[in-house]
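Enquirer: Sharing start27.txt, compact mmCIF, C-alpha atoms and all ligand atoms:
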# COMPACT_ATOMS: atom_id res chain seq x y z
CA MET R 25 20.49 44.55 26.18
CA SER R 26 21.51 42.81 23.03
CA ASP R 27 19.47 42.10 19.92
CA ILE R 28 19.74 38.62 18.53
CA ILE R 29 17.15 38.45 15.77
CA LYS R 30 18.28 38.87 12.18
CA LEU R 31 16.82 38.26 8.76
CA LEU R 32 18.17 35.10 7.18
CA PRO R 33 20.32 35.59 4.10
CA ASP R 34 18.46 34.75 0.87
CA HIS R 35 20.37 31.57 0.14
CA VAL R 36 19.47 30.21 3.58
CA ALA R 37 15.81 31.18 3.21
CA ASN R 38 15.80 29.52 -0.22
CA GLN R 39 17.25 26.35 1.16
CA ILE R 40 14.58 26.23 3.83
CA ALA R 41 11.84 26.78 1.24
CA ALA R 42 13.42 24.03 -0.87
CA GLY R 43 12.76 21.68 2.03
CA GLU R 44 9.08 21.97 1.26
CA VAL R 45 9.05 22.40 -2.49
CA VAL R 46 11.85 20.05 -3.53
CA GLN R 47 11.43 16.75 -1.77
CA ARG R 48 12.93 14.54 -4.47
CA PRO R 49 13.75 14.52 -8.20
CA SER R 50 10.07 14.16 -9.13
CA SER R 51 9.28 17.48 -7.41
CA VAL R 52 11.74 19.18 -9.73
CA VAL R 53 10.16 17.45 -12.72
CA LYS R 54 6.72 18.69 -11.71
CA GLU R 55 7.83 22.29 -11.27
CA LEU R 56 9.78 22.41 -14.53
CA LEU R 57 6.99 20.82 -16.56
CA GLU R 58 4.49 23.26 -15.07
CA ASN R 59 6.70 26.22 -15.90
CA ALA R 60 6.96 25.03 -19.49
CA ILE R 61 3.16 24.81 -19.70
CA ASP R 62 2.75 28.27 -18.19
CA ALA R 63 5.19 29.56 -20.83
CA GLY R 64 2.72 28.44 -23.50
CA ALA R 65 4.81 25.57 -24.84
CA THR R 66 3.18 23.22 -27.34
CA THR R 67 6.05 20.72 -27.26
CA ILE R 68 7.79 19.66 -24.05
CA LYS R 69 10.63 17.21 -23.69
CA LEU R 70 11.81 15.71 -20.40
CA LEU R 71 15.23 14.12 -20.16
CA ILE R 72 16.46 12.44 -17.03
CA LYS R 73 19.60 10.60 -16.11
CA GLU R 74 19.85 8.11 -13.28
CA ALA R 75 16.36 8.72 -12.00
CA GLY R 76 16.93 12.46 -12.00
CA LYS R 77 19.74 12.23 -9.46
CA VAL R 78 22.30 13.21 -12.10
CA LEU R 79 20.24 15.27 -14.54
CA ILE R 80 16.73 16.57 -15.01
CA GLN R 81 16.27 18.61 -18.14
CA VAL R 82 13.11 20.15 -19.55
CA ILE R 83 13.14 21.58 -23.05
CA ASP R 84 10.18 23.69 -24.15
CA ASN R 85 9.21 25.82 -27.13
CA GLY R 86 7.43 28.40 -24.97
CA LYS R 87 7.87 32.13 -24.85
CA GLY R 88 11.28 32.21 -23.19
CA LEU R 89 12.73 34.91 -20.94
CA SER R 90 14.64 38.16 -21.38
CA GLU R 91 18.19 38.50 -20.10
CA THR R 92 17.12 40.29 -16.92
CA ASP R 93 14.16 38.00 -16.28
CA ALA R 94 16.44 34.99 -16.65
CA ARG R 95 18.21 36.18 -13.50
CA MET R 96 15.06 37.40 -11.76
CA ALA R 97 13.40 34.02 -12.24
CA PHE R 98 15.71 32.60 -9.55
CA GLU R 99 14.85 35.19 -6.91
CA ARG R 100 12.46 34.13 -4.20
CA HIS R 101 8.85 35.31 -4.62
CA ALA R 102 9.70 36.44 -8.14
CA THR R 103 6.93 35.60 -10.56
CA SER R 104 5.41 36.89 -13.79
CA LYS R 105 2.12 35.17 -13.01
CA ILE R 106 0.45 37.33 -10.38
CA ASN R 107 0.76 40.98 -9.37
CA GLN R 108 -1.54 41.57 -6.45
CA ALA R 109 -3.36 39.76 -3.67
CA GLU R 110 -6.66 39.68 -5.60
CA ASP R 111 -4.96 37.67 -8.32
CA LEU R 112 -4.71 34.77 -5.88
CA PHE R 113 -8.43 34.21 -6.32
CA LYS R 114 -8.41 33.92 -10.09
CA ILE R 115 -5.38 31.83 -10.84
CA GLN R 116 -5.25 30.24 -14.27
CA SER R 117 -1.54 29.38 -14.32
CA LYS R 118 0.13 26.38 -12.70
CA GLY R 119 2.62 28.52 -10.82
CA PHE R 120 2.19 31.77 -8.90
CA ARG R 121 4.29 31.40 -5.77
CA GLY R 122 7.56 32.31 -7.45
CA GLU R 123 9.35 29.78 -5.30
CA ALA R 124 10.25 26.81 -7.43
CA LEU R 125 13.29 28.03 -9.33
CA ALA R 126 14.73 29.81 -6.29
CA SER R 127 14.30 26.64 -4.25
CA ILE R 128 15.72 24.33 -6.90
CA ALA R 129 18.70 26.61 -7.51
CA ALA R 130 19.44 26.56 -3.77
CA VAL R 131 19.96 22.79 -3.77
CA ALA R 132 21.36 21.94 -7.20
CA HIS R 133 23.50 23.04 -10.13
CA VAL R 134 21.18 24.76 -12.54
CA GLU R 135 21.63 25.91 -16.12
CA LEU R 136 19.04 27.97 -17.95
CA LYS R 137 19.17 28.63 -21.69
CA THR R 138 16.39 30.73 -23.04
CA LYS R 139 15.40 32.82 -26.02
CA GLN R 140 12.35 34.87 -26.81
CA GLU R 141 10.67 34.73 -30.18
CA ASN R 142 11.92 37.93 -31.77
CA GLU R 143 15.44 37.94 -30.36
CA GLU R 144 18.50 37.02 -32.37
CA THR R 145 20.34 35.50 -29.45
CA GLY R 146 19.41 34.03 -26.13
CA THR R 147 20.90 34.03 -22.68
CA CYS R 148 22.57 31.22 -20.74
CA ILE R 149 22.94 31.36 -17.02
CA THR R 150 24.47 28.93 -14.54
CA ILE R 151 23.69 28.92 -10.85
CA GLU R 152 25.06 26.73 -8.08
CA GLY R 153 23.53 26.75 -4.64
CA SER R 154 21.77 30.10 -5.23
CA LYS R 155 24.97 31.73 -6.58
CA VAL R 156 25.06 33.01 -10.14
CA ILE R 157 28.25 31.58 -11.61
CA SER R 158 27.94 33.00 -15.11
CA GLN R 159 25.59 34.60 -17.59
CA GLU R 160 26.39 34.86 -21.28
CA VAL R 161 24.80 35.57 -24.60
CA CYS R 162 24.24 32.27 -26.39
CA VAL R 163 22.70 30.64 -29.41
CA THR R 164 19.65 28.59 -28.51
CA PRO R 165 16.26 27.96 -30.14
CA LYS R 166 13.12 29.85 -29.12
CA GLY R 167 11.98 28.61 -25.74
CA THR R 168 13.73 27.38 -22.66
CA VAL R 169 16.06 24.57 -21.68
CA LEU R 170 16.33 24.17 -17.95
CA SER R 171 18.84 21.65 -16.63
CA VAL R 172 19.11 20.61 -13.02
CA LYS R 173 22.22 18.64 -12.12
CA ASN R 174 23.47 17.04 -8.93
CA LEU R 175 20.31 17.58 -6.94
CA PHE R 176 20.97 18.02 -3.20
CA PHE R 177 24.73 18.29 -3.80
CA ASN R 178 24.87 20.55 -0.71
CA ILE R 179 22.42 18.59 1.46
CA PRO R 180 24.01 15.17 1.96
CA ALA R 181 21.25 14.04 4.32
CA ARG R 182 18.65 14.56 1.66
CA ARG R 183 20.74 13.08 -1.09
CA ASN R 184 21.34 9.95 0.97
CA PHE R 185 17.67 9.74 1.77
CA LEU R 186 16.77 9.34 -1.92
CA LYS R 187 15.42 5.91 -2.77
CA SER R 188 16.65 3.50 -5.43
CA ASP R 189 16.62 4.59 -9.07
CA ALA R 190 13.59 2.39 -9.68
CA VAL R 191 11.58 4.10 -6.93
CA GLU R 192 12.63 7.64 -7.86
CA THR R 193 11.89 6.94 -11.53
CA ARG R 194 8.44 5.70 -10.55
CA HIS R 195 7.77 9.02 -8.78
CA ILE R 196 8.96 10.92 -11.85
CA ILE R 197 6.73 8.91 -14.14
CA ASP R 198 3.79 9.56 -11.80
CA GLU R 199 4.36 13.32 -12.08
CA PHE R 200 4.85 13.02 -15.82
CA HIS R 201 1.54 11.14 -16.12
CA ARG R 202 -0.30 13.77 -14.12
CA VAL R 203 0.95 16.65 -16.21
CA ALA R 204 0.62 14.83 -19.53
CA LEU R 205 -2.95 13.73 -18.74
CA ALA R 206 -3.90 17.24 -17.65
CA HIS R 207 -2.69 18.63 -20.98
CA PRO R 208 -3.48 16.31 -23.88
CA GLU R 209 -3.21 19.29 -26.25
CA ILE R 210 0.54 19.51 -25.58
CA SER R 211 3.02 17.07 -27.07
CA PHE R 212 5.32 15.41 -24.52
CA THR R 213 8.30 13.11 -24.74
CA MET R 214 10.32 11.59 -21.96
CA LEU R 215 13.75 9.99 -22.17
CA HIS R 216 15.54 8.16 -19.38
CA ASN R 217 19.29 7.56 -19.78
CA GLY R 218 18.87 8.22 -23.48
CA ASN R 219 16.00 5.75 -23.97
CA GLU R 220 12.57 6.93 -24.97
CA VAL R 221 10.01 6.15 -22.26
CA PHE R 222 7.05 8.11 -23.64
CA ARG R 223 6.23 9.84 -26.88
CA LEU R 224 2.83 11.45 -26.62
CA PRO R 225 1.59 13.43 -29.60
CA ALA R 226 -0.84 16.29 -29.06
CA SER R 227 -4.36 14.81 -28.95
CA ASN R 228 -7.54 14.67 -26.89
CA GLN R 229 -8.31 13.30 -23.42
CA ARG R 230 -9.25 9.78 -24.47
CA GLN R 231 -6.35 9.39 -26.87
CA ARG R 232 -3.90 10.73 -24.30
CA ILE R 233 -5.10 8.22 -21.68
CA VAL R 234 -4.72 5.42 -24.21
CA ASN R 235 -1.26 6.60 -25.26
CA VAL R 236 -0.15 6.65 -21.65
CA PHE R 237 -1.75 3.43 -20.39
CA GLY R 238 -1.90 1.31 -23.52
CA ILE R 239 -4.34 0.48 -26.29
CA LYS R 240 -6.31 -2.03 -24.20
CA THR R 241 -7.45 0.85 -22.03
CA ASN R 242 -9.61 2.26 -24.80
CA GLU R 243 -12.46 -0.24 -24.59
CA LYS R 244 -12.52 -0.02 -20.80
CA LEU R 245 -13.37 3.65 -20.55
CA VAL R 246 -16.86 4.87 -19.79
CA PRO R 247 -17.34 8.54 -20.68
CA VAL R 248 -18.63 10.88 -17.98
CA GLU R 249 -20.02 14.29 -18.75
CA GLU R 250 -22.12 16.85 -16.90
CA GLU R 251 -22.37 20.58 -16.64
CA THR R 252 -24.05 22.80 -14.06
CA ASP R 253 -23.63 26.40 -12.94
CA VAL R 254 -21.00 25.35 -10.46
CA VAL R 255 -18.92 22.76 -12.24
CA LYS R 256 -18.26 21.11 -15.55
CA ILE R 257 -17.27 17.45 -15.36
CA LYS R 258 -15.71 15.60 -18.26
CA GLY R 259 -13.64 12.47 -18.42
CA PHE R 260 -13.83 8.74 -17.96
CA VAL R 261 -14.23 6.06 -15.37
CA GLY R 262 -12.93 2.56 -15.93
CA LYS R 263 -15.45 -0.25 -16.30
CA PRO R 264 -15.55 -2.34 -13.13
CA GLU R 265 -13.41 -5.11 -14.66
CA PHE R 266 -10.73 -2.47 -15.08
CA ALA R 267 -10.53 -1.96 -11.32
CA LYS R 268 -7.35 -2.95 -9.55
CA ARG R 269 -6.23 -3.78 -6.06
CA THR R 270 -3.75 -0.96 -6.11
CA ARG R 271 -4.72 2.67 -6.25
CA GLY R 272 -2.83 3.63 -9.36
CA GLU R 273 -4.85 5.18 -12.07
CA GLN R 274 -7.05 7.57 -10.15
CA PHE R 275 -6.89 11.11 -11.42
CA PHE R 276 -8.77 14.25 -10.57
CA PHE R 277 -7.91 17.38 -12.45
CA VAL R 278 -9.34 20.71 -11.44
CA ASN R 279 -8.84 23.44 -14.01
CA ASP R 280 -6.11 21.33 -15.63
CA ARG R 281 -4.27 20.77 -12.38
CA PHE R 282 -3.88 17.31 -10.84
CA ILE R 283 -5.24 17.25 -7.32
CA LYS R 284 -5.64 14.73 -4.52
CA SER R 285 -8.97 14.58 -2.78
CA PRO R 286 -9.89 11.67 -0.53
CA TYR R 287 -13.34 13.21 -0.22
CA LEU R 288 -14.07 13.28 -3.95
CA ASN R 289 -12.43 9.89 -4.32
CA HIS R 290 -15.05 8.62 -1.94
CA ALA R 291 -17.76 10.07 -4.17
CA VAL R 292 -16.45 8.01 -7.08
CA SER R 293 -16.29 4.85 -4.99
CA ALA R 294 -19.83 5.51 -3.83
CA ALA R 295 -20.95 5.68 -7.48
CA PHE R 296 -19.48 2.20 -8.00
CA GLU R 297 -21.38 0.79 -5.04
CA GLY R 298 -22.66 -2.69 -5.80
CA LEU R 299 -20.41 -2.98 -8.86
CA LEU R 300 -17.12 -3.61 -7.13
CA ASN R 301 -16.03 -5.61 -4.13
CA ASP R 302 -14.22 -3.62 -1.51
CA LYS R 303 -10.80 -5.03 -2.36
CA VAL R 304 -10.47 -3.21 -5.65
CA HIS R 305 -10.43 0.46 -6.59
CA PRO R 306 -12.10 2.06 -9.58
CA ARG R 307 -9.93 3.71 -12.24
CA TYR R 308 -10.88 7.23 -13.16
CA PHE R 309 -9.71 10.22 -15.12
CA LEU R 310 -11.98 13.09 -14.18
CA TYR R 311 -11.55 16.63 -15.35
CA LEU R 312 -13.45 19.28 -13.42
CA SER R 313 -13.71 22.90 -14.44
CA VAL R 314 -14.78 25.36 -11.78
CA ASP R 315 -14.71 29.10 -11.44
CA PRO R 316 -11.22 29.85 -10.01
CA GLN R 317 -12.91 32.20 -7.53
CA ARG R 318 -14.60 29.20 -5.94
CA ILE R 319 -11.45 27.30 -5.12
CA ASP R 320 -8.38 27.96 -3.03
CA ILE R 321 -5.24 26.32 -4.40
CA ASN R 322 -2.89 28.08 -2.07
CA ILE R 323 -3.24 25.78 0.90
CA HIS R 324 -0.16 23.65 0.17
CA PRO R 325 3.18 24.53 -1.47
CA THR R 326 2.92 21.73 -4.01
CA LYS R 327 -0.70 22.72 -4.74
CA THR R 328 -1.99 19.17 -4.94
CA GLU R 329 -4.61 19.90 -2.33
CA ILE R 330 -7.25 22.50 -2.94
CA LYS R 331 -10.28 23.78 -1.12
CA PHE R 332 -13.65 23.95 -2.79
CA ASP R 333 -16.34 26.43 -1.89
CA ASP R 334 -19.05 23.82 -1.96
CA GLU R 335 -17.57 20.38 -1.53
CA HIS R 336 -20.84 18.71 -0.61
CA ALA R 337 -22.62 19.74 -3.79
CA LEU R 338 -19.64 18.60 -5.80
CA TYR R 339 -19.64 15.24 -4.06
CA ALA R 340 -23.31 14.65 -4.75
CA MET R 341 -22.99 15.67 -8.37
CA LEU R 342 -19.94 13.58 -9.05
CA ARG R 343 -21.55 10.54 -7.54
CA SER R 344 -24.82 10.83 -9.41
CA THR R 345 -23.16 11.68 -12.72
CA ILE R 346 -20.88 8.67 -12.59
CA LYS R 347 -23.68 6.40 -11.46
CA HIS R 348 -25.74 7.56 -14.38
CA SER R 349 -22.88 7.00 -16.86
CA LEU R 350 -22.25 3.51 -15.54
CA GLY R 351 -25.96 2.73 -15.82
CA GLN R 352 -26.11 3.96 -19.38
CA PHE R 353 -23.27 1.71 -20.39
CA ASN R 354 -24.99 -1.32 -18.92
CA VAL R 355 -22.11 -2.15 -16.75
CA ALA R 356 -22.52 -5.51 -15.07
CA PRO R 357 -21.33 -5.99 -11.52
CA VAL R 358 -17.97 -7.67 -11.06
CA LEU R 359 -18.05 -8.84 -7.51
CA ASP R 360 -15.33 -11.40 -7.39
CA PHE R 361 -12.72 -9.77 -9.41
CA ASP R 362 -9.38 -10.92 -8.15
CA ARG R 363 -6.58 -8.85 -9.52
P1 LIG R 401 6.19 30.59 -10.61
O1 LIG R 401 6.02 29.50 -11.62
O2 LIG R 401 5.40 30.35 -9.37
O3 LIG R 401 5.99 31.96 -11.16
P2 LIG R 401 8.98 29.76 -10.64
O4 LIG R 401 10.05 29.92 -9.64
O5 LIG R 401 8.61 28.39 -11.04
O6 LIG R 401 7.71 30.56 -10.07
O7 LIG R 401 9.39 30.58 -11.94
C1 LIG R 401 9.69 31.97 -11.83
C2 LIG R 401 9.40 32.70 -13.13
O8 LIG R 401 10.34 32.28 -14.12
C3 LIG R 401 8.04 32.42 -13.72
O9 LIG R 401 7.05 33.29 -13.18
C4 LIG R 401 8.28 32.66 -15.21
O10 LIG R 401 8.12 34.03 -15.51
C5 LIG R 401 9.73 32.29 -15.39
N1 LIG R 401 9.91 30.95 -15.99
C6 LIG R 401 10.19 29.80 -15.35
N2 LIG R 401 10.28 28.76 -16.19
C7 LIG R 401 10.06 29.24 -17.42
C8 LIG R 401 10.01 28.67 -18.74
N3 LIG R 401 10.21 27.36 -18.95
N4 LIG R 401 9.76 29.50 -19.78
C9 LIG R 401 9.54 30.84 -19.59
N5 LIG R 401 9.57 31.41 -18.37
C10 LIG R 401 9.83 30.65 -17.31
MG MG R 402 6.67 27.56 -11.41
Would it be possible to restate this file's structure as structure tokens?

Expert:
Amino acid sequence: MSDIIKLLPDHVANQIAAGEVVQRPSSVVKELLENAIDAGATTIKLLIKEAGKVLIQVIDNGKGLSETDARMAFERHATSKINQAEDLFKIQSKGFRGEALASIAAVAHVELKTKQENEETGTCITIEGSKVISQEVCVTPKGTVLSVKNLFFNIPARRNFLKSDAVETRHIIDEFHRVALAHPEISFTMLHNGNEVFRLPASNQRQRIVNVFGIKTNEKLVPVEEETDVVKIKGFVGKPEFAKRTRGEQFFFVNDRFIKSPYLNHAVSAAFEGLLNDKVHPRYFLYLSVDPQRIDINIHPTKTEIKFDDEHALYAMLRSTIKHSLGQFNVAPVLDFDR
């Protein structure tokens, strides 16, 4: 008899996990921005070079990490955000799986510079393909600078599979939009190849939407607001003339997290019934707050799909609330809108 089963070494397990978590540069952007938010940052800067293929850097003024934690952060299933199984049902943070940094470090060259508030000096650590290359004391401002270089340097198939810079940049901007819209209270900037793409000062929901999508957006927004025992809805839908043929600006946020939900999307479309022809899609920016106990966000590694306790009630409420808001604003039907 011979035994053939063995536990995979960590760096192999990390690389496999990276297959799910790190699909392309924009996945790295999402994870790093979310970590900065979880660290309590009020100012977050994103720098990318060549659509993130060469560099993705996120600079935050959050709480930083200790010397030991700076290393621990790259271990798989290492997280400061949950302790026990019960915590999974009351998640307030963006992260909790403790997988992102381990996965990213398995498939890129990573440098972390970080300093906590009351420390004199910080710590700088470099990791390549899960291997710690160096760690040194360094001078760096309070907060964290995380740089990801040469993504997929050790997975040629994946690197070759990346799309053109234009396409990858589009994905990055999509992620940036989602995070920036979810957190209007945080100031964000984004630079691509040294050029400023976005500068978004801390503000409120409406102002953030306008700063992202342009001043003309302002007059096209219809406010939506409702609160029940189960859910609080706040946000905006676009007036029918703001609808487009492409499904771009459609955003659901649940407890400040962007999510995709074809089911709830249908509820919004249903609210627009009779106001839009079926070739165009309504714009919306809808922020839902629900008791974290009533949702499950752990069904997908990227956490963009979640499960609600009572989807049907939510559907009905969303639909009637939006219908009511549209009615109040005397929105006239636009049936032949060709755009
Ligand atoms: P998760 O976010 O699920 O906890 P990550 O792999 O993304 O897992 O990060 C691991 C840990 O590293 C986090 O739990 C957090 O403690 C720490 N960390 C990551 N990014 C930052 C940051 N920008 N500032 C402070 N701490 C960070
Ligand atoms: Mg994280």

Enquirer: Within 10 Å of ligand LIG 401 (chain R), counting all atoms listed in the file: which residues, as an MDAnalysis selection string?

Expert: chainID R and resid 52 54:65 68 82:90 93:106 117:129 136:140 166:170

Enquirer: Got time to write the residues from that selection, C-alpha atoms, as a compact mmCIF listing (two decimals), in the coordinates of the input?

Expert:
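In the end it all went to part_36.txt:
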# COMPACT_ATOMS: atom_id res chain seq x y z
CA VAL R 52 11.74 19.18 -9.73
CA LYS R 54 6.72 18.69 -11.71
CA GLU R 55 7.83 22.29 -11.27
CA LEU R 56 9.78 22.41 -14.53
CA LEU R 57 6.99 20.82 -16.56
CA GLU R 58 4.49 23.26 -15.07
CA ASN R 59 6.70 26.22 -15.90
CA ALA R 60 6.96 25.03 -19.49
CA ILE R 61 3.16 24.81 -19.70
CA ASP R 62 2.75 28.27 -18.19
CA ALA R 63 5.19 29.56 -20.83
CA GLY R 64 2.72 28.44 -23.50
CA ALA R 65 4.81 25.57 -24.84
CA ILE R 68 7.79 19.66 -24.05
CA VAL R 82 13.11 20.15 -19.55
CA ILE R 83 13.14 21.58 -23.05
CA ASP R 84 10.18 23.69 -24.15
CA ASN R 85 9.21 25.82 -27.13
CA GLY R 86 7.43 28.40 -24.97
CA LYS R 87 7.87 32.13 -24.85
CA GLY R 88 11.28 32.21 -23.19
CA LEU R 89 12.73 34.91 -20.94
CA SER R 90 14.64 38.16 -21.38
CA ASP R 93 14.16 38.00 -16.28
CA ALA R 94 16.44 34.99 -16.65
CA ARG R 95 18.21 36.18 -13.50
CA MET R 96 15.06 37.40 -11.76
CA ALA R 97 13.40 34.02 -12.24
CA PHE R 98 15.71 32.60 -9.55
CA GLU R 99 14.85 35.19 -6.91
CA ARG R 100 12.46 34.13 -4.20
CA HIS R 101 8.85 35.31 -4.62
CA ALA R 102 9.70 36.44 -8.14
CA THR R 103 6.93 35.60 -10.56
CA SER R 104 5.41 36.89 -13.79
CA LYS R 105 2.12 35.17 -13.01
CA ILE R 106 0.45 37.33 -10.38
CA SER R 117 -1.54 29.38 -14.32
CA LYS R 118 0.13 26.38 -12.70
CA GLY R 119 2.62 28.52 -10.82
CA PHE R 120 2.19 31.77 -8.90
CA ARG R 121 4.29 31.40 -5.77
CA GLY R 122 7.56 32.31 -7.45
CA GLU R 123 9.35 29.78 -5.30
CA ALA R 124 10.25 26.81 -7.43
CA LEU R 125 13.29 28.03 -9.33
CA ALA R 126 14.73 29.81 -6.29
CA SER R 127 14.30 26.64 -4.25
CA ILE R 128 15.72 24.33 -6.90
CA ALA R 129 18.70 26.61 -7.51
CA LEU R 136 19.04 27.97 -17.95
CA LYS R 137 19.17 28.63 -21.69
CA THR R 138 16.39 30.73 -23.04
CA LYS R 139 15.40 32.82 -26.02
CA GLN R 140 12.35 34.87 -26.81
CA LYS R 166 13.12 29.85 -29.12
CA GLY R 167 11.98 28.61 -25.74
CA THR R 168 13.73 27.38 -22.66
CA VAL R 169 16.06 24.57 -21.68
CA LEU R 170 16.33 24.17 -17.95

Enquirer: With distances taken over only C-alpha atoms, which residue among R:Glu91, R:Glu74, R:Glu209, R:Glu273 lies nearest Asn174 of chain R?

Expert: R:Glu74

Enquirer: Could you state the separation of atom CA of Pro225 of chain R and atom CA of Lys284 of chain R in Å, given to one decimal place?

Expert: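 Computing the Euclidean distance for atom CA of Pro225 of chain R and atom CA of Lys284 of chain R yields 26.1 Å.
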
Enquirer: Quick one: 8 Å padding each side, axis-aligned, all listed atoms of segment 217-220 of chain R - centre and edge lengths in Å to one decimal, as lines of an AutoDock Vina configuration file?

Expert:
center_x = 15.9
center_y = 7.0
center_z = -22.4
size_x = 22.7
size_y = 18.5
size_z = 21.2

Enquirer: Work out how far atom CA of Ser344 of chain R is from atom CA of Arg230 of chain R, in Å to one decimal.

Expert: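 Between atom CA of Arg230 of chain R and atom CA of Ser344 of chain R the gap works out to 21.7 Å.
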
Enquirer: Using only C-alpha atoms, which residue out of R:Gly272, R:Pro264, R:Pro286, R:Gly76 lies closest to Val172 of chain R?

Expert: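 Of the candidates, the smallest distance to Val172 of chain R is held by R:Gly76.
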
Enquirer: Could you check which of R:Ile197, R:Thr67, R:Met25, R:Val45 is closest to ligand MG 402 (chain R), using all atoms listed in the file?

Expert: R:Val45

Enquirer: Mind listing as a ChimeraX atom specification all residues within 9 Å of (23.0, 33.5, -28.7), counting only C-alpha atoms?

Expert: /R:139,143-148,160-165

Enquirer: Just the residues within 8 Å of Val278 of chain R, please, counting all atoms listed in the file, with nothing from its chain fewer than 6 positions along; format it as an mmCIF file with C-alpha atoms, in the frame of the given file.

Expert:
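Heads up, here's the output in part-v5.cif:
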data_model
loop_
_atom_site.group_PDB
_atom_site.id
_atom_site.type_symbol
_atom_site.label_atom_id
_atom_site.label_comp_id
_atom_site.auth_asym_id
_atom_site.auth_seq_id
_atom_site.Cartn_x
_atom_site.Cartn_y
_atom_site.Cartn_z
ATOM 1 C CA TYR R 311 -11.550 16.630 -15.350
ATOM 2 C CA LEU R 312 -13.450 19.280 -13.420
ATOM 3 C CA SER R 313 -13.710 22.900 -14.440
ATOM 4 C CA VAL R 314 -14.780 25.360 -11.780
#

Enquirer: Give the answer as one residue: which of R:Val191, R:Ile323, R:Val53, R:Ala340 has the shortest atom-to-atom distance to ligand MG 402 (chain R), using only C-alpha atoms and all ligand atoms?

Expert: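 For ligand MG 402 (chain R), the nearest of the candidates is R:Val53.
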
Enquirer: Check the smallest atom-to-atom distance from each of R:Val156, R:Ala226, R:Ile115, R:Ala75 to Ala190 of chain R using only C-alpha atoms, then report the winner.

Expert: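 Nearest to Ala190 of chain R: R:Ala75.
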